[in-house]
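S.K.: Take this structure first; my questions come after.
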Amino acid sequence: ATVIEVTRRGVAATGIDAMADRLDLPRAQLLVYANIPLSTAERRIRNKELLSKEETDRLVRIAKATEKAAAVFEDAENGKAWLKRPIPSLAGAVPLSLLDTAEGYDLVMRTLDKIQYGVFA
């Protein structure tokens with residue numbers, strides 16, 4: 001299945017915990033970044049439900065940004081660290097806090113591209 005198909009269908013709510021573990025974040029903090037209410041996530045996990053298309057899309061954005069940051073910094077730990085700290089070229093925003101919208105995701109990915117290709121960001 002393609003990412004588009006998976007996103008449309010929704011991923012298992014347990015993907016939240018897998019992503020939180022990958023980023024070394026508490027579940028509640030990841031949910032803030034993904035703009036998913038804690039009560040909704042816990043209910044979906046408890047009932048073994050899929051996330052909605054929109055919720056899945058936000059988690060997919062976080063996953064893609066995590067992969068890109070790891071590639072750009074040639075190290076998963078350095079990539080995670082960059083995603084979790086305020087970045088001056090993002091007006092002091094924490095990159096993870098921008099990934100709940102398409103515009104924010106595009107901005108973070110463009111910033112990573114600039115770093116990757118030598119334009120300091």
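Quick note on naming: the chains in the structure tokens go A, B, ... in the order shown, residues restart at 1 in each chain, and ligands are numbered from 1 in order of appearance.
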Name all residues at most 9 Å from Arg22 of chain A (count only C-alpha atoms; drop same-chain ones fewer than 3 positions away) and give them as a PyMOL selection string.

M.R.: chain A and resi 17-19+25+66+80

S.K.: Each residue of segment 25-89 of chain A lying at most 8 Å from segment 97-121 of chain A should get a row with its shortest atom-to-atom pair and the distance in Å to one decimal, counting only C-alpha atoms; could you produce that, ordered by chain and increasing number, as a tab-separated table?

M.R.:
residue	atom	partner	partner_atom	distance
A:Val32	CA	A:Ser97	CA	7.9
A:Tyr33	CA	A:Ser97	CA	5.0
A:Ala34	CA	A:Asp100	CA	5.3
A:Asn35	CA	A:Asp100	CA	6.2
A:Arg58	CA	A:Asp100	CA	5.5
A:Arg61	CA	A:Leu99	CA	6.3
A:Ile62	CA	A:Leu99	CA	6.3
A:Ala65	CA	A:Met109	CA	6.7
A:Lys68	CA	A:Leu112	CA	7.4
A:Ala69	CA	A:Leu112	CA	6.7
A:Val72	CA	A:Gln116	CA	5.3
A:Phe73	CA	A:Gln116	CA	7.9
A:Pro88	CA	A:Ala121	CA	7.8
A:Ser89	CA	A:Ala121	CA	5.5

S.K.: Point out the residue among A:Leu96, A:Glu74, A:Trp82, A:Glu49 with the least atom-to-atom distance to Leu31 of chain A, counting only C-alpha atoms.

M.R.: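 Of A:Leu96, A:Glu74, A:Trp82, A:Glu49, the one nearest Leu31 of chain A, counting only C-alpha atoms, is A:Leu96.
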
S.K.: When you count only C-alpha atoms, which of these residues is closest to Ala63 of chain A: A:Leu50, A:Ser39, A:Val94, A:Leu23?

M.R.: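 Once distances to Ala63 of chain A are computed over only C-alpha atoms, the minimum belongs to A:Leu23.
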
S.K.: Rounded to one decimal in Å, what is the spacing between atom CA of Ala1 of chain A and atom CA of Asp57 of chain A?

M.R.: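 Result for atom CA of Ala1 of chain A versus atom CA of Asp57 of chain A: 14.9 Å, one decimal.
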
S.K.: According to DSSP computed on the backbone, where in chain A is there alpha helix (DSSP H)? Give the residues as number ranges by chain.

M.R.: A: 3-9, 15-23, 27-34, 38-46, 53-72, 76-83, 102-116

S.K.: Excluding Ala41 of chain A and any residue of its chain fewer than 4 positions from it, enumerate the residues within 9 Å of it, using only C-alpha atoms, and give them as a PDB file with N, CA and C atoms, in the first residue's frame.

M.R.:
ATOM      1  N   ALA A  13      -4.101   3.099  15.998  1.00  0.00           N
ATOM      2  CA  ALA A  13      -3.826   4.128  17.002  1.00  0.00           C
ATOM      3  C   ALA A  13      -2.548   3.821  17.780  1.00  0.00           C
ATOM      4  N   THR A  14      -2.147   2.561  17.812  1.00  0.00           N
ATOM      5  CA  THR A  14      -0.898   2.205  18.489  1.00  0.00           C
ATOM      6  C   THR A  14       0.313   2.840  17.812  1.00  0.00           C
ATOM      7  N   ILE A  16       0.714   5.825  17.447  1.00  0.00           N
ATOM      8  CA  ILE A  16       1.038   7.005  18.263  1.00  0.00           C
ATOM      9  C   ILE A  16       2.188   6.678  19.204  1.00  0.00           C
ATOM     10  N   LEU A  31       1.087  14.027  21.078  1.00  0.00           N
ATOM     11  CA  LEU A  31      -0.301  14.340  20.722  1.00  0.00           C
ATOM     12  C   LEU A  31      -0.523  15.841  20.595  1.00  0.00           C
ATOM     13  N   ILE A  36      -3.885  16.004  18.298  1.00  0.00           N
ATOM     14  CA  ILE A  36      -4.856  14.938  18.547  1.00  0.00           C
ATOM     15  C   ILE A  36      -5.176  14.968  20.040  1.00  0.00           C
ATOM     16  N   PRO A  37      -6.439  15.143  20.407  1.00  0.00           N
ATOM     17  CA  PRO A  37      -6.784  15.174  21.833  1.00  0.00           C
ATOM     18  C   PRO A  37      -6.381  13.874  22.534  1.00  0.00           C
ATOM     19  N   ILE A  45      -6.777   3.857  21.086  1.00  0.00           N
ATOM     20  CA  ILE A  45      -5.807   2.813  21.458  1.00  0.00           C
ATOM     21  C   ILE A  45      -6.506   1.704  22.238  1.00  0.00           C
ATOM     22  N   ARG A  46      -7.290   2.085  23.234  1.00  0.00           N
ATOM     23  CA  ARG A  46      -8.000   1.114  24.083  1.00  0.00           C
ATOM     24  C   ARG A  46      -8.927   0.228  23.259  1.00  0.00           C
ATOM     25  N   LEU A  51      -6.756   5.464  13.489  1.00  0.00           N
ATOM     26  CA  LEU A  51      -6.822   6.923  13.543  1.00  0.00           C
ATOM     27  C   LEU A  51      -7.605   7.412  12.327  1.00  0.00           C
TER      28      LEU A  51
END

S.K.: From a DSSP calculation on the backbone, collect every residue of chain A in strand (DSSP E or B) and output the set as a PyMOL selection string.

M.R.: chain A and resi 12+50+87+93

S.K.: So how many Å separate atom CA of Val11 of chain A and atom CA of Asp75 of chain A, to one decimal?

M.R.: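 Those two atoms sit 26.5 Å apart.
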